[in-house]
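> Following this line is start-v7.pdb, made up of PDB, C-alpha atoms:
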ATOM      1  CA  MET A   1     -20.116  36.498  22.244
ATOM      2  CA  ALA A   2     -17.262  34.200  21.334
ATOM      3  CA  SER A   3     -14.862  35.278  18.605
ATOM      4  CA  ALA A   4     -14.959  33.517  15.244
ATOM      5  CA  GLY A   5     -11.829  31.582  16.203
ATOM      6  CA  ALA A   6     -13.285  30.468  19.534
ATOM      7  CA  GLN A   7     -16.482  29.439  17.749
ATOM      8  CA  GLN A   8     -14.471  27.428  15.227
ATOM      9  CA  VAL A   9     -12.624  25.567  18.003
ATOM     10  CA  GLU A  10     -15.942  24.747  19.673
ATOM     11  CA  THR A  11     -17.424  23.427  16.424
ATOM     12  CA  THR A  12     -14.343  21.249  15.897
ATOM     13  CA  VAL A  13     -14.381  19.865  19.444
ATOM     14  CA  ARG A  14     -18.085  19.001  19.163
ATOM     15  CA  ALA A  15     -17.444  17.235  15.837
ATOM     16  CA  VAL A  16     -14.581  15.205  17.353
ATOM     17  CA  LEU A  17     -16.808  14.077  20.248
ATOM     18  CA  VAL A  18     -19.331  12.803  17.696
ATOM     19  CA  ASP A  19     -16.761  11.174  15.411
ATOM     20  CA  VAL A  20     -14.408   9.577  17.932
ATOM     21  CA  LEU A  21     -16.823   8.593  20.705
ATOM     22  CA  GLY A  22     -19.705   7.756  18.387
ATOM     23  CA  LEU A  23     -22.058  10.115  20.286
ATOM     24  CA  GLY A  24     -25.201  11.450  18.625
ATOM     25  CA  GLU A  25     -24.996  14.900  17.033
ATOM     26  CA  GLU A  26     -28.103  15.997  18.944
ATOM     27  CA  GLN A  27     -26.635  14.830  22.241
ATOM     28  CA  VAL A  28     -23.402  16.751  21.653
ATOM     29  CA  ALA A  29     -25.257  19.831  20.405
ATOM     30  CA  GLY A  30     -26.943  19.894  23.822
ATOM     31  CA  PHE A  31     -23.632  20.071  25.724
ATOM     32  CA  ASP A  32     -22.954  23.300  27.597
ATOM     33  CA  GLU A  33     -19.974  24.377  29.667
ATOM     34  CA  ASN A  34     -21.266  22.518  32.730
ATOM     35  CA  THR A  35     -21.864  19.191  30.992
ATOM     36  CA  GLU A  36     -19.763  16.533  32.697
ATOM     37  CA  LEU A  37     -17.648  14.399  30.412
ATOM     38  CA  PHE A  38     -15.101  11.964  31.890
ATOM     39  CA  GLY A  39     -16.843   9.667  34.353
ATOM     40  CA  ALA A  40     -20.280  10.817  33.239
ATOM     41  CA  ILE A  41     -20.345   9.723  29.603
ATOM     42  CA  PRO A  42     -19.816   5.955  29.320
ATOM     43  CA  GLU A  43     -18.270   6.271  25.844
ATOM     44  CA  LEU A  44     -15.479   8.460  27.226
ATOM     45  CA  ASP A  45     -13.502   5.908  29.200
ATOM     46  CA  SER A  46      -9.744   5.768  29.657
ATOM     47  CA  MET A  47      -9.372   3.727  26.442
ATOM     48  CA  ALA A  48     -10.997   6.541  24.486
ATOM     49  CA  VAL A  49      -9.034   9.448  25.956
ATOM     50  CA  ALA A  50      -5.901   9.138  23.823
ATOM     51  CA  GLY A  51      -7.806   8.852  20.545
ATOM     52  CA  LEU A  52      -9.928  11.858  21.481
ATOM     53  CA  LEU A  53      -6.917  14.051  22.324
ATOM     54  CA  THR A  54      -4.941  12.994  19.262
ATOM     55  CA  GLU A  55      -7.875  13.672  16.958
ATOM     56  CA  ILE A  56      -8.420  17.119  18.519
ATOM     57  CA  GLU A  57      -4.726  17.868  17.995
ATOM     58  CA  GLU A  58      -4.781  16.754  14.370
ATOM     59  CA  ARG A  59      -7.891  18.759  13.519
ATOM     60  CA  LEU A  60      -6.783  21.940  15.283
ATOM     61  CA  GLY A  61      -3.137  21.587  14.269
ATOM     62  CA  ILE A  62      -1.983  21.798  17.891
ATOM     63  CA  TRP A  63       0.448  19.748  19.980
ATOM     64  CA  ILE A  64      -0.461  18.943  23.583
ATOM     65  CA  GLU A  65       2.595  18.211  25.719
ATOM     66  CA  ASP A  66       2.157  15.327  28.134
ATOM     67  CA  ASP A  67       2.746  17.561  31.134
ATOM     68  CA  GLU A  68       0.027  19.925  29.909
ATOM     69  CA  PHE A  69      -2.569  17.195  30.102
ATOM     70  CA  GLU A  70      -4.501  17.045  33.349
ATOM     71  CA  ALA A  71      -7.572  14.981  34.147
ATOM     72  CA  GLU A  72      -9.474  18.192  35.001
ATOM     73  CA  MET A  73      -9.380  19.141  31.356
ATOM     74  CA  LEU A  74     -11.868  16.383  30.562
ATOM     75  CA  GLU A  75     -14.126  16.890  33.575
ATOM     76  CA  THR A  76     -16.548  19.163  31.772
ATOM     77  CA  PHE A  77     -17.190  20.343  28.240
ATOM     78  CA  GLY A  78     -16.378  23.868  29.451
ATOM     79  CA  ASN A  79     -12.931  22.822  30.711
ATOM     80  CA  LEU A  80     -12.171  21.038  27.448
ATOM     81  CA  LEU A  81     -13.113  24.177  25.505
ATOM     82  CA  ILE A  82     -11.019  26.456  27.703
ATOM     83  CA  PHE A  83      -7.973  24.248  27.227
ATOM     84  CA  THR A  84      -8.340  23.700  23.470
ATOM     85  CA  ARG A  85      -9.012  27.395  22.875
ATOM     86  CA  SER A  86      -5.946  28.344  24.877
ATOM     87  CA  LYS A  87      -3.836  26.029  22.714
ATOM     88  CA  ALA A  88      -5.396  26.788  19.346
ATOM     89  CA  LEU A  89      -5.812  30.534  19.659
ATOM     90  CA  GLN A  90      -2.530  31.496  21.316
TER
ATOM     91  CA  MET B   1     -20.868 -15.496   1.244
ATOM     92  CA  PRO B   2     -18.193 -12.760   1.158
ATOM     93  CA  LEU B   3     -15.282 -12.988  -1.231
ATOM     94  CA  ALA B   4     -12.516 -15.070   0.404
ATOM     95  CA  PRO B   5      -8.953 -13.742   0.544
ATOM     96  CA  ARG B   6      -5.965 -15.539  -0.972
ATOM     97  CA  PHE B   7      -2.754 -15.803   1.006
ATOM     98  CA  GLY B   8       0.634 -15.482  -0.632
ATOM     99  CA  GLU B   9       4.189 -14.962   0.528
ATOM    100  CA  TYR B  10       7.029 -12.580   0.017
ATOM    101  CA  VAL B  11      10.613 -12.795   1.206
ATOM    102  CA  THR B  12      12.310  -9.947   3.031
ATOM    103  CA  GLY B  13      15.328  -9.907   5.322
ATOM    104  CA  GLY B  14      15.755 -13.627   4.655
ATOM    105  CA  CYS B  15      12.308 -14.434   6.116
ATOM    106  CA  HIS B  16       9.016 -15.456   4.550
ATOM    107  CA  GLU B  17       6.162 -13.084   5.295
ATOM    108  CA  PHE B  18       2.508 -13.255   4.284
ATOM    109  CA  LEU B  19       0.419 -11.225   1.914
ATOM    110  CA  MET B  20      -3.393 -11.235   1.770
ATOM    111  CA  SER B  21      -4.892 -10.633  -1.650
ATOM    112  CA  PHE B  22      -8.346 -10.055  -3.079
ATOM    113  CA  GLY B  23      -9.718  -9.639  -6.566
ATOM    114  CA  PRO B  24      -8.637 -10.493 -10.110
ATOM    115  CA  GLN B  25      -5.004 -11.220 -10.906
ATOM    116  CA  ASN B  26      -5.284  -9.883 -14.443
ATOM    117  CA  GLY B  27      -6.719  -6.405 -13.749
ATOM    118  CA  PRO B  28      -4.984  -3.373 -12.256
ATOM    119  CA  GLN B  29      -3.066  -4.348  -9.107
ATOM    120  CA  LEU B  30      -2.863  -2.213  -5.952
ATOM    121  CA  LEU B  31      -0.432  -2.596  -3.078
ATOM    122  CA  VAL B  32      -2.044  -1.624   0.239
ATOM    123  CA  ILE B  33       0.237  -0.194   2.932
ATOM    124  CA  PRO B  34      -1.968  -0.253   6.025
ATOM    125  CA  PRO B  35      -2.112   1.913   9.150
ATOM    126  CA  LEU B  36       0.469   0.833  11.708
ATOM    127  CA  LEU B  37       0.209  -1.072  14.994
ATOM    128  CA  GLU B  38      -2.863  -0.172  17.078
ATOM    129  CA  GLU B  39      -4.411   1.892  14.281
ATOM    130  CA  LEU B  40      -4.341  -1.213  12.073
ATOM    131  CA  ASN B  41      -6.449  -3.128  14.609
ATOM    132  CA  ARG B  42      -9.066  -0.404  14.438
ATOM    133  CA  THR B  43      -9.150  -0.209  10.639
ATOM    134  CA  ARG B  44      -8.927  -3.893   9.754
ATOM    135  CA  LYS B  45     -12.596  -4.001   8.759
ATOM    136  CA  LEU B  46     -12.297  -0.835   6.712
ATOM    137  CA  LEU B  47      -9.392  -2.376   4.785
ATOM    138  CA  SER B  48     -10.960  -5.761   4.082
ATOM    139  CA  ASP B  49     -14.292  -4.155   3.120
ATOM    140  CA  LEU B  50     -12.426  -1.788   0.810
ATOM    141  CA  MET B  51     -10.401  -4.610  -0.771
ATOM    142  CA  ARG B  52     -13.577  -6.608  -1.454
ATOM    143  CA  THR B  53     -15.276  -3.561  -2.947
ATOM    144  CA  LEU B  54     -12.256  -2.860  -5.169
ATOM    145  CA  ALA B  55     -12.362  -6.516  -6.285
ATOM    146  CA  ALA B  56     -15.917  -5.854  -7.480
ATOM    147  CA  HIS B  57     -14.483  -2.941  -9.512
ATOM    148  CA  GLY B  58     -12.083  -5.425 -11.187
ATOM    149  CA  ILE B  59      -9.050  -4.297  -9.151
ATOM    150  CA  GLY B  60      -6.684  -6.730  -7.416
ATOM    151  CA  THR B  61      -5.322  -5.686  -3.994
ATOM    152  CA  HIS B  62      -2.476  -6.996  -1.830
ATOM    153  CA  LEU B  63      -2.147  -6.338   1.891
ATOM    154  CA  PRO B  64       1.153  -7.428   3.493
ATOM    155  CA  ASP B  65       1.928  -8.398   7.051
ATOM    156  CA  LEU B  66       4.908  -6.193   7.838
ATOM    157  CA  PRO B  67       7.771  -8.038   9.596
ATOM    158  CA  GLY B  68       6.912  -8.709  13.241
ATOM    159  CA  THR B  69       3.151  -8.164  12.790
ATOM    160  CA  GLY B  70       0.171 -10.350  11.877
ATOM    161  CA  GLU B  71       1.296 -13.871  10.992
ATOM    162  CA  SER B  72       4.988 -12.938  10.830
ATOM    163  CA  GLU B  73       7.364 -15.231  12.682
ATOM    164  CA  ARG B  74       9.821 -12.422  13.384
ATOM    165  CA  VAL B  75      10.010 -10.941  16.851
ATOM    166  CA  PHE B  76       8.710  -7.388  16.766
ATOM    167  CA  GLU B  77      11.270  -5.930  19.139
ATOM    168  CA  ALA B  78      14.074  -7.076  16.820
ATOM    169  CA  VAL B  79      12.491  -5.377  13.788
ATOM    170  CA  SER B  80      13.753  -1.938  12.751
ATOM    171  CA  TRP B  81      11.961   0.832  10.894
ATOM    172  CA  SER B  82      14.292   0.294   7.941
ATOM    173  CA  ASP B  83      13.305  -3.420   7.929
ATOM    174  CA  TRP B  84       9.797  -2.190   7.201
ATOM    175  CA  GLU B  85      11.007   0.071   4.401
ATOM    176  CA  VAL B  86      12.942  -2.833   2.892
ATOM    177  CA  ALA B  87       9.865  -5.053   3.272
ATOM    178  CA  VAL B  88       7.706  -2.573   1.331
ATOM    179  CA  HIS B  89      10.365  -2.484  -1.378
ATOM    180  CA  ASP B  90      10.476  -6.305  -1.493
ATOM    181  CA  ILE B  91       6.684  -6.688  -1.625
ATOM    182  CA  ALA B  92       6.507  -4.221  -4.503
ATOM    183  CA  LYS B  93       9.025  -6.320  -6.433
ATOM    184  CA  ILE B  94       6.870  -9.435  -6.290
ATOM    185  CA  ALA B  95       3.407  -7.841  -6.440
ATOM    186  CA  SER B  96       4.393  -5.475  -9.315
ATOM    187  CA  PRO B  97       1.573  -3.080  -8.434
ATOM    188  CA  ASP B  98       0.265  -0.444 -10.820
ATOM    189  CA  ALA B  99      -0.174   1.832  -7.829
ATOM    190  CA  VAL B 100       0.101   2.007  -4.052
ATOM    191  CA  VAL B 101      -2.661   2.989  -1.664
ATOM    192  CA  SER B 102      -1.397   3.870   1.811
ATOM    193  CA  PHE B 103      -3.272   4.699   4.982
ATOM    194  CA  ARG B 104      -2.232   6.822   7.988
ATOM    195  CA  GLY B 105       1.196   5.590   9.170
ATOM    196  CA  GLY B 106       1.496   3.455   6.047
ATOM    197  CA  CYS B 107       2.060   6.765   4.189
ATOM    198  CA  LEU B 108       5.420   7.002   6.015
ATOM    199  CA  LEU B 109       6.581   3.862   4.193
ATOM    200  CA  ASP B 110       4.969   4.071   0.763
ATOM    201  CA  HIS B 111       7.986   5.762  -0.878
ATOM    202  CA  ALA B 112       9.884   2.474  -0.469
ATOM    203  CA  ALA B 113       7.588   0.778  -2.999
ATOM    204  CA  GLY B 114       9.110   2.980  -5.705
ATOM    205  CA  CYS B 115       5.762   3.123  -7.504
ATOM    206  CA  GLU B 116       4.928   6.015  -9.837
ATOM    207  CA  LYS B 117       1.397   6.387  -8.517
ATOM    208  CA  THR B 118       0.458   6.603  -4.853
ATOM    209  CA  ILE B 119      -2.811   7.478  -3.222
ATOM    210  CA  ARG B 120      -2.634   8.438   0.459
ATOM    211  CA  PHE B 121      -5.554   8.406   2.862
ATOM    212  CA  ALA B 122      -5.303  10.587   5.995
ATOM    213  CA  PRO B 123      -1.480  10.654   6.141
ATOM    214  CA  THR B 124       0.037  11.563   9.486
ATOM    215  CA  GLU B 125       3.452  12.147  11.020
ATOM    216  CA  GLY B 126       5.321   9.433  12.901
ATOM    217  CA  LYS B 127       5.709  11.658  15.974
ATOM    218  CA  ARG B 128       1.924  11.820  16.359
ATOM    219  CA  LEU B 129       1.569   8.035  16.041
ATOM    220  CA  ILE B 130       4.196   7.155  18.625
ATOM    221  CA  ARG B 131       2.944   9.810  21.015
ATOM    222  CA  ASP B 132      -0.629   8.470  20.686
ATOM    223  CA  LEU B 133       0.642   4.991  21.637
ATOM    224  CA  ILE B 134       2.518   6.399  24.630
ATOM    225  CA  ARG B 135      -0.470   8.475  25.725
ATOM    226  CA  SER B 136      -2.816   5.479  25.389
ATOM    227  CA  ARG B 137      -0.682   3.568  27.845
ATOM    228  CA  ALA B 138      -0.151   6.546  30.164
ATOM    229  CA  VAL B 139      -3.882   7.097  30.749
ATOM    230  CA  THR B 140      -4.436   3.492  31.847
ATOM    231  CA  ASP B 141      -1.110   2.719  33.569
ATOM    232  CA  THR B 142      -0.224   5.060  36.428
ATOM    233  CA  GLY B 143       3.284   3.547  36.689
ATOM    234  CA  PHE B 144       3.998   4.743  33.161
ATOM    235  CA  ASP B 145       5.391   8.066  34.316
ATOM    236  CA  SER B 146       7.461  10.660  32.489
ATOM    237  CA  ALA B 147      10.774   8.840  33.170
ATOM    238  CA  THR B 148       9.380   5.570  31.783
ATOM    239  CA  GLN B 149       7.979   7.454  28.802
ATOM    240  CA  LYS B 150      11.366   8.972  28.108
ATOM    241  CA  ALA B 151      12.913   5.496  28.240
ATOM    242  CA  VAL B 152      10.742   4.501  25.253
ATOM    243  CA  PHE B 153      13.270   6.307  23.045
ATOM    244  CA  GLU B 154      16.392   5.492  25.041
ATOM    245  CA  THR B 155      16.331   1.963  26.426
ATOM    246  CA  GLY B 156      13.158   0.034  25.586
ATOM    247  CA  PRO B 157      11.662  -2.250  24.564
ATOM    248  CA  THR B 158       8.365  -0.814  25.796
ATOM    249  CA  MET B 159       4.946  -2.409  25.415
ATOM    250  CA  LEU B 160       2.887   0.010  23.329
ATOM    251  CA  GLY B 161      -0.456  -0.989  21.831
ATOM    252  CA  GLY B 162       0.400  -4.636  22.483
ATOM    253  CA  TYR B 163       3.798  -4.508  20.732
ATOM    254  CA  PRO B 164       7.246  -4.546  22.375
ATOM    255  CA  VAL B 165       8.644  -1.447  20.688
ATOM    256  CA  SER B 166      12.438  -1.059  20.698
ATOM    257  CA  ALA B 167      14.029   2.330  21.369
ATOM    258  CA  ASN B 168      15.483   2.397  17.859
ATOM    259  CA  PHE B 169      12.113   1.686  16.297
ATOM    260  CA  ALA B 170      10.360   4.316  18.450
ATOM    261  CA  SER B 171      12.984   6.944  17.554
ATOM    262  CA  ALA B 172      12.870   6.179  13.817
ATOM    263  CA  MET B 173       9.078   6.271  13.832
ATOM    264  CA  ARG B 174       9.105   9.602  15.675
ATOM    265  CA  ASN B 175      11.280  11.099  12.929
ATOM    266  CA  ALA B 176       9.309   9.658  10.015
ATOM    267  CA  GLU B 177       7.245  11.977   7.796
ATOM    268  CA  PRO B 178       5.428  11.286   4.541
ATOM    269  CA  LYS B 179       7.912  11.871   1.732
ATOM    270  CA  ASP B 180       6.987  14.243  -1.064
ATOM    271  CA  ALA B 181       6.920  12.564  -4.433
ATOM    272  CA  PRO B 182       5.414  13.172  -7.858
ATOM    273  CA  GLY B 183       2.315  11.132  -8.518
ATOM    274  CA  VAL B 184       1.072  11.334  -4.919
ATOM    275  CA  HIS B 185      -2.636  11.972  -4.565
ATOM    276  CA  THR B 186      -3.967  12.695  -1.063
ATOM    277  CA  ILE B 187      -7.431  12.101   0.380
ATOM    278  CA  ARG B 188      -8.411  13.415   3.798
ATOM    279  CA  LEU B 189     -11.530  13.516   5.893
ATOM    280  CA  THR B 190     -13.490  16.754   5.850
ATOM    281  CA  GLY B 191     -12.281  18.844   8.776
ATOM    282  CA  ASP B 192      -8.819  17.254   8.774
ATOM    283  CA  ARG B 193      -6.011  19.786   8.428
ATOM    284  CA  GLY B 194      -3.341  19.344   5.838
ATOM    285  CA  ASP B 195      -3.193  19.444   2.075
ATOM    286  CA  ALA B 196      -5.370  17.094   0.083
ATOM    287  CA  GLU B 197      -6.701  16.801  -3.447
ATOM    288  CA  ILE B 198      -9.974  15.324  -2.198
ATOM    289  CA  HIS B 199     -11.891  15.518   1.070
ATOM    290  CA  ILE B 200     -14.513  12.930   1.981
ATOM    291  CA  GLU B 201     -17.069  12.776   4.777
ATOM    292  CA  GLY B 202     -16.537  10.231   7.526
ATOM    293  CA  SER B 203     -15.204   9.452  10.990
ATOM    294  CA  PRO B 204     -11.562   8.770  11.918
ATOM    295  CA  LEU B 205     -12.095   5.058  12.588
ATOM    296  CA  TRP B 206      -8.400   4.754  13.595
ATOM    297  CA  HIS B 207      -9.052   6.868  16.708
ATOM    298  CA  ARG B 208     -12.281   5.209  17.751
ATOM    299  CA  ALA B 209     -12.180   3.188  20.955
ATOM    300  CA  GLU B 210     -14.904   0.918  19.557
ATOM    301  CA  PRO B 211     -13.694  -0.302  16.169
ATOM    302  CA  SER B 212     -16.289  -0.232  13.440
ATOM    303  CA  GLY B 213     -16.543  -0.176   9.691
ATOM    304  CA  SER B 214     -18.110   2.460   7.487
ATOM    305  CA  PRO B 215     -19.918   1.276   4.351
ATOM    306  CA  GLU B 216     -20.248   4.863   3.055
ATOM    307  CA  MET B 217     -16.530   5.571   3.468
ATOM    308  CA  VAL B 218     -15.642   2.286   1.774
ATOM    309  CA  ARG B 219     -17.901   3.042  -1.200
ATOM    310  CA  ARG B 220     -16.548   6.557  -1.601
ATOM    311  CA  LEU B 221     -12.901   5.481  -1.285
ATOM    312  CA  ALA B 222     -13.380   2.622  -3.744
ATOM    313  CA  ASP B 223     -14.999   4.972  -6.280
ATOM    314  CA  ILE B 224     -12.171   7.506  -5.946
ATOM    315  CA  ILE B 225      -9.444   4.848  -6.238
ATOM    316  CA  ALA B 226     -11.092   3.123  -9.205
ATOM    317  CA  GLU B 227     -11.508   6.426 -11.040
ATOM    318  CA  TRP B 228      -7.956   7.554 -10.232
ATOM    319  CA  LEU B 229      -6.487   4.263 -11.499
TER
END
With the file now loaded, output its structure as structure tokens.

Amino acid sequence: MASAGAQQVETTVRAVLVDVLGLGEEQVAGFDENTELFGAIPELDSMAVAGLLTEIEERLGIWIEDDEFEAEMLETFGNLLIFTRSKALQ
Amino acid sequence: MPLAPRFGEYVTGGCHEFLMSFGPQNGPQLLVIPPLLEELNRTRKLLSDLMRTLAAHGIGTHLPDLPGTGESERVFEAVSWSDWEVAVHDIAKIASPDAVVSFRGGCLLDHAAGCEKTIRFAPTEGKRLIRDLIRSRAVTDTGFDSATQKAVFETGPTMLGGYPVSANFASAMRNAEPKDAPGVHTIRLTGDRGDAEIHIEGSPLWHRAEPSGSPEMVRRLADIIAEWL
């Protein structure tokens, strides 16, 4: 069972995917840790990556250094959660 | 047919710049300081829809082209951050607004209008704006490596979001923060961190890859601004 903080990060990340990529709430609610993101979801192309990361940063109050960003982070919903939780809950 | 804008001029730094206005000239007048650079492209519809809606509330609005942007004849790479502050000061002198409404990066410049009342929507820090521009280029341009990114602040000019940004401009923008002032009223989106008097529902259109408007956000913002005025 995820902690309240981890749950809060997940809720925020799901909301950002809906708001920035224009995905449906039901679609995003169905994402699990194995859901592929970059390369699998047409809305998440390279043009959308920066806006997505910046919005996640602003909502979680975190700062992602450029050398911390790796393409793997956006491969799956699970990877994105692991990274954002590690930044937000440290 | 939608309400047509009027185009006026203001003079700043010895150059004529343009100003787009909507609404009555005898009601309350609002100066609009828009989001900056790429974020302005993504929110253009939000702004013009909002200005038309405020016109229907009997409020006149004025949206300037900042030097080096829009229809300006100045070269962007020769424009400094302080040129923009001076421009906002100069626009306020001719538009004599009753209040200022600033958006996103525009909130970093609104103090220069010297207006007693300011409403800010989703203010952000300059360091986040410039870094977003750098990151946007880095994810699509593999040659834009860490050394080239560092040069943005040291040598320049660097093409960011379609603008040749000088090193001085990039550095000044990175250091810019919204200035505290009496009479500032802040609106943020629900879920956005940071202090605000009012939160409203809606999406951050300025971060969307596919620009779009939002009739609900426009209606809500217009109601809040009209009531606050």
> When distances are computed from all atoms listed in the file, which of A:Asp32, A:Glu70, A:Glu10, A:Asp19 shows the smallest separation from chain B?
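Ranking A:Asp32, A:Glu70, A:Glu10, A:Asp19 by distance to chain B, first place goes to A:Asp19.
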> Please enclose the listed atoms of region 83-89 of chain A in an axis-aligned box, pad each side by 5 Å, and write out the centre and the three edge lengths in Å, rounded to one decimal, as AutoDock Vina command-line options.

--center_x -6.4 --center_y 27.1 --center_z 23.3 --size_x 15.2 --size_y 16.8 --size_z 17.9
> Contacts between region 124-136 of chain B and region 7-113 of chain B, please, where a residue of region 7-113 of chain B counts if it comes within 8 Å (with all atoms listed in the file); show its shortest atom pair and distance in Å to one decimal, rows by chain and ascending number, as JSON lines.

{"residue": "B:Glu38", "atom": "CA", "partner": "B:Leu133", "partner_atom": "CA", "distance": 7.7}
{"residue": "B:Arg104", "atom": "CA", "partner": "B:Thr124", "partner_atom": "CA", "distance": 5.5}
{"residue": "B:Gly105", "atom": "CA", "partner": "B:Thr124", "partner_atom": "CA", "distance": 6.1}
{"residue": "B:Cys107", "atom": "CA", "partner": "B:Thr124", "partner_atom": "CA", "distance": 7.4}
{"residue": "B:Leu108", "atom": "CA", "partner": "B:Gly126", "partner_atom": "CA", "distance": 7.3}
> Output as CSV one row per residue of chain A within 9 Å of chain B: the closest atom pair and its distance in Å to one decimal place, counting all atoms listed in the file, sorted by chain and residue number ascending.

residue,atom,partner,partner_atom,distance
A:Thr12,CA,B:Gly191,CA,7.8
A:Ala15,CA,B:Gly191,CA,8.9
A:Val16,CA,B:Ser203,CA,8.6
A:Val18,CA,B:Ser203,CA,8.6
A:Asp19,CA,B:Ser203,CA,5.0
A:Val20,CA,B:Arg208,CA,4.9
A:Leu21,CA,B:Arg208,CA,6.4
A:Gly22,CA,B:Arg208,CA,7.9
A:Glu43,CA,B:Ala209,CA,8.4
A:Leu44,CA,B:Ala209,CA,8.8
A:Asp45,CA,B:Ala209,CA,8.8
A:Ser46,CA,B:Val139,CA,6.1
A:Met47,CA,B:Ala209,CA,6.2
A:Ala48,CA,B:Ala209,CA,5.0
A:Val49,CA,B:Ser136,CA,7.4
A:Ala50,CA,B:Ser136,CA,5.0
A:Gly51,CA,B:His207,CA,4.5
A:Leu52,CA,B:His207,CA,7.0
A:Leu53,CA,B:Asp132,CA,8.6
A:Thr54,CA,B:Asp132,CA,6.4
A:Glu55,CA,B:His207,CA,6.9
A:Glu58,CA,B:Arg193,CA,6.8
A:Arg59,CA,B:Asp192,CA,5.1
A:Leu60,CA,B:Arg193,CA,7.2
A:Gly61,CA,B:Arg193,CA,6.8
A:Trp63,CA,B:Arg128,CA,8.8
A:Asp66,CA,B:Arg135,CA,7.7
A:Asp67,CA,B:Ser146,CA,8.5
> Give me the result of the PyMOL selection byres ((chain B and resi 22) around 12) on this file, residue by residue, as a CSV table (one decimal) with C-alpha atoms, in the coordinates of the input.

chain,number,residue,atom,x,y,z
B,2,PRO,CA,-18.2,-12.8,1.2
B,3,LEU,CA,-15.3,-13.0,-1.2
B,4,ALA,CA,-12.5,-15.1,0.4
B,5,PRO,CA,-9.0,-13.7,0.5
B,6,ARG,CA,-6.0,-15.5,-1.0
B,7,PHE,CA,-2.8,-15.8,1.0
B,8,GLY,CA,0.6,-15.5,-0.6
B,19,LEU,CA,0.4,-11.2,1.9
B,20,MET,CA,-3.4,-11.2,1.8
B,21,SER,CA,-4.9,-10.6,-1.6
B,23,GLY,CA,-9.7,-9.6,-6.6
B,24,PRO,CA,-8.6,-10.5,-10.1
B,25,GLN,CA,-5.0,-11.2,-10.9
B,26,ASN,CA,-5.3,-9.9,-14.4
B,27,GLY,CA,-6.7,-6.4,-13.7
B,28,PRO,CA,-5.0,-3.4,-12.3
B,29,GLN,CA,-3.1,-4.3,-9.1
B,30,LEU,CA,-2.9,-2.2,-6.0
B,31,LEU,CA,-0.4,-2.6,-3.1
B,32,VAL,CA,-2.0,-1.6,0.2
B,47,LEU,CA,-9.4,-2.4,4.8
B,48,SER,CA,-11.0,-5.8,4.1
B,49,ASP,CA,-14.3,-4.2,3.1
B,50,LEU,CA,-12.4,-1.8,0.8
B,51,MET,CA,-10.4,-4.6,-0.8
B,52,ARG,CA,-13.6,-6.6,-1.5
B,53,THR,CA,-15.3,-3.6,-2.9
B,54,LEU,CA,-12.3,-2.9,-5.2
B,55,ALA,CA,-12.4,-6.5,-6.3
B,56,ALA,CA,-15.9,-5.9,-7.5
B,57,HIS,CA,-14.5,-2.9,-9.5
B,58,GLY,CA,-12.1,-5.4,-11.2
B,59,ILE,CA,-9.0,-4.3,-9.2
B,60,GLY,CA,-6.7,-6.7,-7.4
B,61,THR,CA,-5.3,-5.7,-4.0
B,62,HIS,CA,-2.5,-7.0,-1.8
B,63,LEU,CA,-2.1,-6.3,1.9
B,64,PRO,CA,1.2,-7.4,3.5
> Determine the residue set returned by the PyMOL selection byres ((chain B and resi 184) around 9) for the present structure, and present it as a compact mmCIF listing (two decimals) with C-alpha atoms, keeping the file's coordinate frame.

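The resulting result02.txt:
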# COMPACT_ATOMS: atom_id res chain seq x y z
CA GLU B 116 4.93 6.02 -9.84
CA LYS B 117 1.40 6.39 -8.52
CA THR B 118 0.46 6.60 -4.85
CA ILE B 119 -2.81 7.48 -3.22
CA ARG B 120 -2.63 8.44 0.46
CA ASP B 180 6.99 14.24 -1.06
CA ALA B 181 6.92 12.56 -4.43
CA PRO B 182 5.41 13.17 -7.86
CA GLY B 183 2.32 11.13 -8.52
CA HIS B 185 -2.64 11.97 -4.57
CA THR B 186 -3.97 12.70 -1.06
> Run the PyMOL selection byres ((chain B and resi 35) around 7) against the file shown and list the residues it catches, as a PDB file with C-alpha atoms, in the frame of the given file.

ATOM      1  CA  ILE B  33       0.237  -0.194   2.932  1.00  0.00           C
ATOM      2  CA  PRO B  34      -1.968  -0.253   6.025  1.00  0.00           C
ATOM      3  CA  LEU B  36       0.469   0.833  11.708  1.00  0.00           C
ATOM      4  CA  LEU B  37       0.209  -1.072  14.994  1.00  0.00           C
ATOM      5  CA  GLU B  39      -4.411   1.892  14.281  1.00  0.00           C
ATOM      6  CA  LEU B  40      -4.341  -1.213  12.073  1.00  0.00           C
ATOM      7  CA  PHE B 103      -3.272   4.699   4.982  1.00  0.00           C
ATOM      8  CA  ARG B 104      -2.232   6.822   7.988  1.00  0.00           C
ATOM      9  CA  GLY B 105       1.196   5.590   9.170  1.00  0.00           C
ATOM     10  CA  GLY B 106       1.496   3.455   6.047  1.00  0.00           C
TER      11      GLY B 106
END
> So how far away is CA of Thr76 (chain A) from CA of Thr142 (chain B), in Å?
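CA of Thr76 (chain A) lies 22.1 Å from CA of Thr142 (chain B).
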> I'd like to know which of A:Ala29, A:Ile82, A:Ala40, A:Ile64 is closest to Leu17 (chain A), using all atoms listed in the file.
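Of A:Ala29, A:Ile82, A:Ala40, A:Ile64, the one nearest Leu17 (chain A) is A:Ala29, counting all atoms listed in the file.
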> So how many Å separate CA of Val79 (chain B) and CA of Glu57 (chain A), to one decimal?
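About the pair CA of Val79 (chain B) and CA of Glu57 (chain A): they are 29.2 Å apart.
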> Provide the CA of Ile41 (chain A) to CA of Leu80 (chain A) distance in Å, to one decimal place.
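Value for the CA of Ile41 (chain A)-CA of Leu80 (chain A) distance: 14.1 Å.
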> From the options A:Leu37, A:Val9, A:Leu89, A:Ser3, which residue's atoms come nearest to Met73 (chain A), counting only C-alpha atoms?
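Of all the options, A:Leu37 lies closest to Met73 (chain A).
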